[in-house]
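With mmCIF, C-alpha atoms inside, this is target_34.cif:
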```
data_final
loop_
_atom_site.label_atom_id
_atom_site.label_comp_id
_atom_site.auth_asym_id
_atom_site.auth_seq_id
_atom_site.Cartn_x
_atom_site.Cartn_y
_atom_site.Cartn_z
CA THR X 1 90.67 14.67 62.90
CA TYR X 2 86.98 15.12 63.69
CA LEU X 3 85.86 11.49 64.11
CA PRO X 4 88.65 10.47 66.54
CA ARG X 5 87.68 13.37 68.80
CA ALA X 6 83.92 12.94 68.51
CA CYS X 7 83.70 9.14 68.71
CA LYS X 8 85.73 7.01 71.13
CA THR X 9 85.49 3.98 68.86
CA ALA X 10 87.14 5.97 66.06
CA LYS X 11 90.15 7.11 68.10
CA PRO X 12 92.57 4.73 66.28
CA LEU X 13 91.93 6.72 63.09
CA GLU X 14 94.35 9.28 64.52
CA LYS X 15 97.08 6.96 63.25
CA LEU X 16 96.03 7.26 59.61
CA PRO X 17 98.34 9.27 57.32
CA PRO X 18 97.02 12.42 55.61
CA ILE X 19 94.22 11.48 53.24
CA GLN X 20 96.04 12.92 50.22
CA SER X 21 98.90 10.45 50.73
CA ILE X 22 96.65 7.39 50.60
CA GLY X 23 96.43 5.81 47.17
CA SER X 24 99.20 7.86 45.59
CA PHE X 25 101.11 5.35 43.43
CA GLY X 26 99.53 2.57 45.48
CA ALA X 27 101.02 3.79 48.74
CA GLY X 28 99.42 4.38 52.12
CA PHE X 29 97.03 1.44 52.17
CA SER X 30 99.21 -0.48 54.61
CA ALA X 31 97.77 1.72 57.37
CA PHE X 32 94.52 -0.21 57.02
CA ALA X 33 96.32 -3.43 57.97
CA ASP X 34 96.61 -2.13 61.53
CA PRO X 35 94.28 -4.28 63.71
CA GLU X 36 93.01 -1.20 65.56
CA ILE X 37 92.12 0.53 62.30
CA GLN X 38 90.38 -2.64 61.12
CA SER X 39 88.36 -2.75 64.35
CA VAL X 40 87.12 0.77 63.62
CA LEU X 41 86.08 -0.18 60.10
CA THR X 42 84.30 -3.26 61.45
CA ALA X 43 82.41 -1.10 63.96
CA PHE X 44 81.47 1.38 61.22
CA SER X 45 80.25 -1.49 59.05
CA ARG X 46 78.07 -2.79 61.89
CA ALA X 47 76.70 0.71 62.52
CA GLY X 48 75.90 0.96 58.82
CA GLU X 49 74.00 -2.32 58.91
CA LEU X 50 71.94 -1.17 61.89
CA GLU X 51 71.12 2.15 60.19
CA ARG X 52 70.21 0.31 56.98
CA ASP X 53 67.83 -2.00 58.86
CA TRP X 54 66.27 0.93 60.71
CA LYS X 55 65.69 2.85 57.47
CA LYS X 56 64.19 -0.25 55.87
CA ALA X 57 61.70 -0.59 58.73
CA LEU X 58 60.92 3.12 58.53
CA ARG X 59 60.27 2.91 54.78
CA GLU X 60 57.90 -0.01 55.35
CA VAL X 61 55.91 2.04 57.86
CA GLU X 62 55.81 5.02 55.48
CA THR X 63 54.73 2.81 52.58
CA SER X 64 51.99 1.26 54.69
CA GLY X 65 50.80 4.73 55.66
CA ARG X 66 50.69 5.90 52.05
CA GLU X 67 48.64 2.84 51.08
CA MET X 68 46.12 3.86 53.76
CA GLY X 69 46.01 7.39 52.38
CA LEU X 70 48.39 8.91 54.94
CA PRO X 71 51.19 10.79 53.17
CA VAL X 72 54.47 11.52 54.94
CA PHE X 73 53.98 14.89 56.65
CA TYR X 74 57.65 15.89 56.88
CA THR X 75 61.13 14.47 57.00
CA LEU X 76 64.16 15.38 59.09
CA ALA X 77 66.32 18.06 57.49
CA ARG X 78 70.04 17.56 56.98
CA GLY X 79 71.21 20.79 58.54
CA GLY X 80 69.56 23.69 60.29
CA VAL X 81 70.59 26.76 62.25
CA PRO X 82 74.42 26.77 62.14
CA ILE X 83 74.95 27.20 65.89
CA ASP X 84 72.86 24.06 66.45
CA THR X 85 75.04 22.14 64.00
CA ILE X 86 78.18 23.45 65.70
CA GLY X 87 76.91 22.47 69.14
CA ALA X 88 75.61 19.06 68.11
CA SER X 89 78.39 17.91 65.79
CA LEU X 90 81.53 19.98 66.27
CA ARG X 91 82.12 21.89 69.50
CA GLY X 92 79.56 20.32 71.81
CA THR X 93 77.27 22.23 74.16
CA VAL X 94 79.99 23.28 76.61
CA GLY X 95 82.36 24.27 73.83
CA THR X 96 79.69 26.34 72.10
CA ILE X 97 78.77 28.16 75.31
CA ASN X 98 82.44 28.89 75.97
CA ASP X 99 82.79 30.25 72.43
CA MET X 100 79.84 32.60 72.96
CA TYR X 101 81.76 34.24 75.79
CA ARG X 102 85.42 33.75 74.91
CA GLN X 103 85.56 34.05 71.13
CA PRO X 104 82.20 35.29 69.83
CA GLU X 105 83.74 36.81 66.70
CA LYS X 106 85.17 33.45 65.60
CA LEU X 107 81.86 31.75 66.33
CA ILE X 108 79.91 34.25 64.24
CA ASP X 109 82.51 34.03 61.46
CA TYR X 110 82.00 30.27 61.26
CA ILE X 111 78.22 30.65 61.40
CA GLU X 112 78.35 33.07 58.46
CA ARG X 113 80.52 30.67 56.45
CA GLU X 114 78.16 27.79 57.22
CA MET X 115 74.98 29.64 56.18
CA PRO X 116 74.97 28.74 52.44
CA ASN X 117 75.59 25.06 53.23
CA ALA X 118 72.87 25.08 55.91
CA ILE X 119 70.27 26.12 53.36
CA ARG X 120 71.61 24.06 50.45
CA SER X 121 71.70 20.77 52.37
CA ILE X 122 68.06 21.14 53.45
CA VAL X 123 66.88 22.02 49.95
CA GLU X 124 68.76 18.98 48.60
CA THR X 125 66.98 16.74 51.12
CA ALA X 126 63.61 18.10 50.00
CA ASP X 127 64.53 17.53 46.35
CA ILE X 128 65.76 13.97 46.95
CA THR X 129 62.80 12.86 49.08
CA GLY X 130 60.12 14.79 47.24
CA ILE X 131 58.78 15.95 50.61
CA PRO X 132 58.49 19.76 50.82
CA CYS X 133 58.10 19.97 54.62
CA MET X 134 61.50 19.81 56.29
CA TYR X 135 61.74 19.27 60.07
CA LEU X 136 64.30 21.52 61.78
CA PRO X 137 64.94 20.83 65.50
CA LEU X 138 65.95 24.11 67.17
CA HIS X 139 68.21 22.70 69.87
CA ARG X 140 69.70 25.80 71.44
CA GLY X 141 67.20 28.61 70.94
CA ALA X 142 65.03 27.93 74.00
CA ASP X 143 64.37 30.44 76.78
CA SER X 144 66.44 28.42 79.24
CA PHE X 145 69.44 27.95 76.97
CA MET X 146 70.49 31.51 76.20
CA SER X 147 69.46 35.04 77.13
CA GLU X 148 67.40 37.18 74.78
CA LYS X 149 70.51 39.25 74.02
CA GLN X 150 72.40 36.10 73.04
CA PHE X 151 69.41 34.83 71.06
CA LEU X 152 69.33 38.05 69.05
CA LYS X 153 73.06 37.86 68.41
CA PHE X 154 73.84 34.19 67.78
CA TYR X 155 70.54 32.54 66.88
CA TRP X 156 67.67 34.59 65.55
CA PRO X 157 69.37 36.37 62.60
CA TYR X 158 70.54 33.03 61.22
CA LEU X 159 67.30 31.16 61.89
CA LYS X 160 65.49 33.94 60.01
CA ARG X 161 67.88 33.75 57.06
CA VAL X 162 67.66 29.95 56.92
CA VAL X 163 63.85 30.08 56.91
CA GLU X 164 63.75 32.84 54.28
CA GLY X 165 66.23 30.93 52.12
CA LEU X 166 64.17 27.73 52.35
CA VAL X 167 60.88 29.48 51.65
CA ALA X 168 62.41 31.06 48.55
CA GLU X 169 63.21 27.52 47.33
CA GLY X 170 59.68 26.24 47.93
CA VAL X 171 60.48 24.40 51.17
CA VAL X 172 58.11 24.53 54.16
CA PRO X 173 60.17 24.59 57.39
CA VAL X 174 58.67 22.72 60.34
CA LEU X 175 60.41 24.41 63.26
CA PHE X 176 60.65 22.27 66.40
CA ALA X 177 60.93 24.74 69.28
CA GLU X 178 62.52 22.46 71.87
CA GLY X 179 61.87 23.50 75.46
CA ALA X 180 59.94 26.77 75.87
CA TYR X 181 59.91 29.71 73.44
CA ASN X 182 57.71 32.02 75.50
CA SER X 183 60.13 34.96 75.39
CA ARG X 184 60.86 34.37 71.68
CA LEU X 185 57.31 34.54 70.31
CA GLU X 186 57.24 38.30 69.67
CA ILE X 187 60.60 37.99 67.89
CA VAL X 188 59.87 35.03 65.64
CA LYS X 189 56.56 36.45 64.42
CA GLU X 190 58.69 38.41 61.94
CA LEU X 191 59.04 35.29 59.79
CA PRO X 192 57.20 35.36 56.43
CA LYS X 193 53.45 34.89 56.79
CA ALA X 194 51.97 31.46 55.98
CA SER X 195 55.40 29.96 55.39
CA VAL X 196 56.29 27.84 58.45
CA ILE X 197 54.84 25.32 60.88
CA TRP X 198 55.84 25.75 64.52
CA HIS X 199 56.06 22.55 66.59
CA PHE X 200 55.94 23.60 70.24
CA ASP X 201 57.21 21.47 73.11
CA GLN X 202 56.63 23.42 76.34
CA THR X 203 55.68 26.87 75.04
CA GLU X 204 52.45 28.38 76.41
CA ILE X 205 50.14 27.36 73.58
CA LYS X 206 47.48 30.06 74.15
CA ARG X 207 50.11 32.78 73.95
CA ALA X 208 51.61 31.14 70.88
CA LYS X 209 48.17 31.07 69.25
CA ASP X 210 47.51 34.72 70.12
CA ILE X 211 50.84 35.90 68.71
CA LEU X 212 51.46 33.54 65.78
CA GLY X 213 48.01 32.19 64.97
CA SER X 214 47.34 34.69 62.19
CA SER X 215 50.68 34.13 60.45
CA ALA X 216 51.75 30.51 61.01
CA CYS X 217 50.44 27.02 61.61
CA ILE X 218 51.24 25.66 65.08
CA MET X 219 51.32 22.12 66.44
CA GLY X 220 52.26 20.10 69.50
CA ASN X 221 52.07 20.83 73.24
CA ILE X 222 50.76 17.48 74.47
CA PRO X 223 53.31 16.88 77.29
CA ILE X 224 55.50 13.90 76.48
CA SER X 225 55.50 13.06 80.21
CA MET X 226 51.73 12.67 80.01
CA MET X 227 52.01 10.45 76.94
CA VAL X 228 54.44 8.18 78.82
CA THR X 229 52.97 8.12 82.34
CA GLY X 230 49.44 9.54 82.09
CA SER X 231 46.14 7.78 81.54
CA PRO X 232 44.11 7.86 78.30
CA SER X 233 41.57 9.99 80.16
CA ASP X 234 44.26 12.55 81.08
CA VAL X 235 45.48 12.66 77.50
CA LYS X 236 42.02 13.04 76.03
CA THR X 237 41.11 15.85 78.42
CA HIS X 238 44.33 17.72 77.63
CA CYS X 239 43.82 17.25 73.89
CA ARG X 240 40.34 18.74 74.12
CA LYS X 241 41.73 21.82 75.87
CA LEU X 242 44.39 22.18 73.17
CA ILE X 243 41.84 21.90 70.37
CA GLU X 244 39.57 24.47 72.03
CA THR X 245 42.48 26.85 72.67
CA ALA X 246 44.94 26.43 69.81
CA GLY X 247 42.52 24.98 67.28
CA ARG X 248 40.07 27.87 67.20
CA GLY X 249 39.85 29.14 63.65
CA GLY X 250 42.08 26.34 62.35
CA GLY X 251 45.84 26.38 61.88
CA TYR X 252 46.63 23.82 64.59
CA VAL X 253 47.95 20.25 64.35
CA LEU X 254 47.24 18.08 67.40
CA ALA X 255 50.51 16.37 68.34
CA PRO X 256 52.80 15.57 71.29
CA GLY X 257 55.32 18.22 72.27
CA ALA X 258 58.24 15.82 71.77
CA ALA X 259 58.97 12.14 71.10
CA SER X 260 59.69 9.09 73.23
CA ASP X 261 60.07 5.36 72.64
CA ASP X 262 58.11 4.70 75.85
CA VAL X 263 54.75 6.26 74.96
CA LYS X 264 51.76 4.06 75.83
CA ILE X 265 49.89 2.82 72.77
CA GLU X 266 46.58 3.46 74.54
CA ASN X 267 47.57 7.13 74.89
CA ILE X 268 48.27 7.37 71.15
CA ARG X 269 44.77 6.01 70.56
CA ALA X 270 43.42 8.60 73.01
CA VAL X 271 44.96 11.39 70.91
CA MET X 272 43.33 9.97 67.78
CA GLU X 273 39.97 9.68 69.52
CA ALA X 274 40.19 13.25 70.80
CA ALA X 275 40.94 14.54 67.31
CA LYS X 276 37.91 12.73 65.90
CA GLU X 277 35.58 13.81 68.71
CA TYR X 278 36.66 17.41 69.29
CA GLY X 279 38.65 18.38 66.21
CA VAL X 280 35.88 18.25 63.62
CA TYR X 281 34.82 21.56 62.09
CA ARG X 282 31.12 22.19 62.52
CA LYS X 283 28.93 24.83 60.94
#
```

Representation of the structure as C-alpha cells:
Amino acid sequence: TYLPRACKTAKPLEKLPPIQSIGSFGAGFSAFADPEIQSVLTAFSRAGELERDWKKALREVETSGREMGLPVFYTLARGGVPIDTIGASLRGTVGTINDMYRQPEKLIDYIEREMPNAIRSIVETADITGIPCMYLPLHRGADSFMSEKQFLKFYWPYLKRVVEGLVAEGVVPVLFAEGAYNSRLEIVKELPKASVIWHFDQTEIKRAKDILGSSACIMGNIPISMMVTGSPSDVKTHCRKLIETAGRGGGYVLAPGAASDDVKIENIRAVMEAAKEYGVYRK
C-alpha cells in the first residue's frame, strides 16, 4: 500500500490482490493484464532505465577520477537516522511533525524498531562498495526544524547510536548537517573522538571549529548561493577565510555547504585555486 500513496503514477497498484495470492497455483497474474497496471510497470521500467543511465555516467566519472589518482571520498548511505527515513519516505514532513505532537510514543516505538536496520543497511552499502566513508544527510536535525527539547528526544539519541554502531563496524560516517547546527554543536561533540566527518551547510564555521575541531574533521561552509551566483573572486576570498579559520591546525576539508546543478564551472575552479594557494601547509 506504500507506493500508491507515495507516488501518483503508482496509484493503480491499489487494485492488485494481496501479494501472497499472486502466483499460487498460477493464479493472480491476470491482474497485470489491466491496462492501468501495465502503464505503471511501463513507467517503472522507464524510471529504471533513467537511473541505470545516470549510474553508468556516474561510474564513468568515478573511474576517470581514480585513473587520475582521485579516489572516491564517500558514497551515499542507504539509511540514516530513523526519523529522517520516516519523514522522507513514509510519513512526510507534515506527518512526522504531527506525530511528534499527537502520537510521540508510537513515533519513538517505530524509531526503536528501525534502529537495527538503519545501521545494517549502511554497513552493507560500505561492504558492497568497498568505500568506508558513508554520507548521511541529516534532514530534520537543524536548528530551524525542531526545538532543542525535541532534538534531544527524537533525534540526538538515535543519531548517536547510529554513529556508534557504524564506527564499531569500521565505517566512517560523513554527517551532512543540513541548514544550521549552531545550537547542536555542544551536544554532538559527545560523539566518539576522531570517528566522524561533519559536513556543514550554514553552521557558524568558527564556532564549529572551536567546539569540534579537536575531536572531528569538519568540511563545507562555502555558501551554495555564492557558488551559483557569485564571482570567482568572491568565492576565492571566502575560501581563503575558511582555510584561515577552519583550516588552522588541519582537520578541515574545503567544500561547498550543499550541492546544486547550477554552480558555475569558473567558481569550481576558483575553489581549486584557493585550495592550492592558501591550503598548503608551510613550515

Extract, using all atoms listed in the file, all DNA, RNA and protein residues at most 12 Å from Glu266 of chain X, discarding same-chain residues fewer than 6 positions from it, and format them as a VMD selection string.
chain X and resid 226 to 236 272 to 273

Would you write out those residues with C-alpha atoms, as a short mmCIF file (atom, residue, chain, number, x, y, z; two decimals), keeping the file's coordinate frame?
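Full text of selection_31.cif as output:
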```
data_model
loop_
_atom_site.label_atom_id
_atom_site.label_comp_id
_atom_site.auth_asym_id
_atom_site.auth_seq_id
_atom_site.Cartn_x
_atom_site.Cartn_y
_atom_site.Cartn_z
CA MET X 226 51.73 12.67 80.01
CA MET X 227 52.01 10.45 76.94
CA VAL X 228 54.44 8.18 78.82
CA THR X 229 52.97 8.12 82.34
CA GLY X 230 49.44 9.54 82.09
CA SER X 231 46.14 7.78 81.54
CA PRO X 232 44.11 7.86 78.30
CA SER X 233 41.57 9.99 80.16
CA ASP X 234 44.26 12.55 81.08
CA VAL X 235 45.48 12.66 77.50
CA LYS X 236 42.02 13.04 76.03
CA MET X 272 43.33 9.97 67.78
CA GLU X 273 39.97 9.68 69.52
#
```

ask   = Skipping near chain neighbours, those fewer than 3 positions away, what residues fall within 8 Å of segment 142-154 of chain X using all atoms listed in the file, listed as a list in words?
value =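 My reading of the contact set: Ile83, Ile108, Leu138, His139, Pro157, Tyr158, Ala177, Glu178, Gly179, Ala180, Tyr181, Asn182, Ser183 and Arg184 of chain X.
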
Please produce an output containing C-alpha atoms for each residue in the selection, written as a compact mmCIF listing (two decimals), in the frame of the given file.
```txt
# COMPACT_ATOMS: atom_id res chain seq x y z
CA ILE X 83 74.95 27.20 65.89
CA ILE X 108 79.91 34.25 64.24
CA LEU X 138 65.95 24.11 67.17
CA HIS X 139 68.21 22.70 69.87
CA PRO X 157 69.37 36.37 62.60
CA TYR X 158 70.54 33.03 61.22
CA ALA X 177 60.93 24.74 69.28
CA GLU X 178 62.52 22.46 71.87
CA GLY X 179 61.87 23.50 75.46
CA ALA X 180 59.94 26.77 75.87
CA TYR X 181 59.91 29.71 73.44
CA ASN X 182 57.71 32.02 75.50
CA SER X 183 60.13 34.96 75.39
CA ARG X 184 60.86 34.37 71.68
```

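Atom pair atom CA of Ser214 of chain X / atom CA of Ala255 of chain X has a distance of 19.6 Å (rounded to one decimal).
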
- Using all atoms listed in the file, which of X:Asp34, X:Pro256, X:Gly28, X:Ile265 sits nearest Pro12 of chain X?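 Nearest to Pro12 of chain X: X:Asp34.
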
Between atom CA of Pro137 of chain X and atom CA of Ala88 of chain X lies a distance of 11.1 Å

- Mind giving me the straight-line distance from atom CA of Val188 of chain X to atom CA of Trp156 of chain X in Å, one decimal?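 Atom CA of Trp156 of chain X lies 7.8 Å from atom CA of Val188 of chain X.
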
Could you pull the residues within 12 Å of Phe29 of chain X, counting all atoms listed in the file, minus those fewer than 4 positions along the same chain, as a ChimeraX atom specification? /X:16-25,33-34,37-38

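Residue nearest Pro116 of chain X within the list X:Ile131, X:Val162, X:Ile86, X:Ile222: X:Val162 [criterion: smallest interatomic distance, only C-alpha atoms].
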
Q) If you count all atoms listed in the file, which residues fall within 12 Å of Val280 of chain X, apart from same-chain ones fewer than 6 positions away, as a ChimeraX atom specification? A) /X:240,243-244,247-250,254,272-274

Write the residues of the preceding selection, restricted to C-alpha atoms, as a PDB file, in the frame of the given file.
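result24.pdb, freshly written:
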```pdb
ATOM      1  CA  ARG X 240      40.340  18.740  74.120  1.00  0.00           C
ATOM      2  CA  ILE X 243      41.840  21.900  70.370  1.00  0.00           C
ATOM      3  CA  GLU X 244      39.570  24.470  72.030  1.00  0.00           C
ATOM      4  CA  GLY X 247      42.520  24.980  67.280  1.00  0.00           C
ATOM      5  CA  ARG X 248      40.070  27.870  67.200  1.00  0.00           C
ATOM      6  CA  GLY X 249      39.850  29.140  63.650  1.00  0.00           C
ATOM      7  CA  GLY X 250      42.080  26.340  62.350  1.00  0.00           C
ATOM      8  CA  LEU X 254      47.240  18.080  67.400  1.00  0.00           C
ATOM      9  CA  MET X 272      43.330   9.970  67.780  1.00  0.00           C
ATOM     10  CA  GLU X 273      39.970   9.680  69.520  1.00  0.00           C
ATOM     11  CA  ALA X 274      40.190  13.250  70.800  1.00  0.00           C
TER      12      ALA X 274
END
```
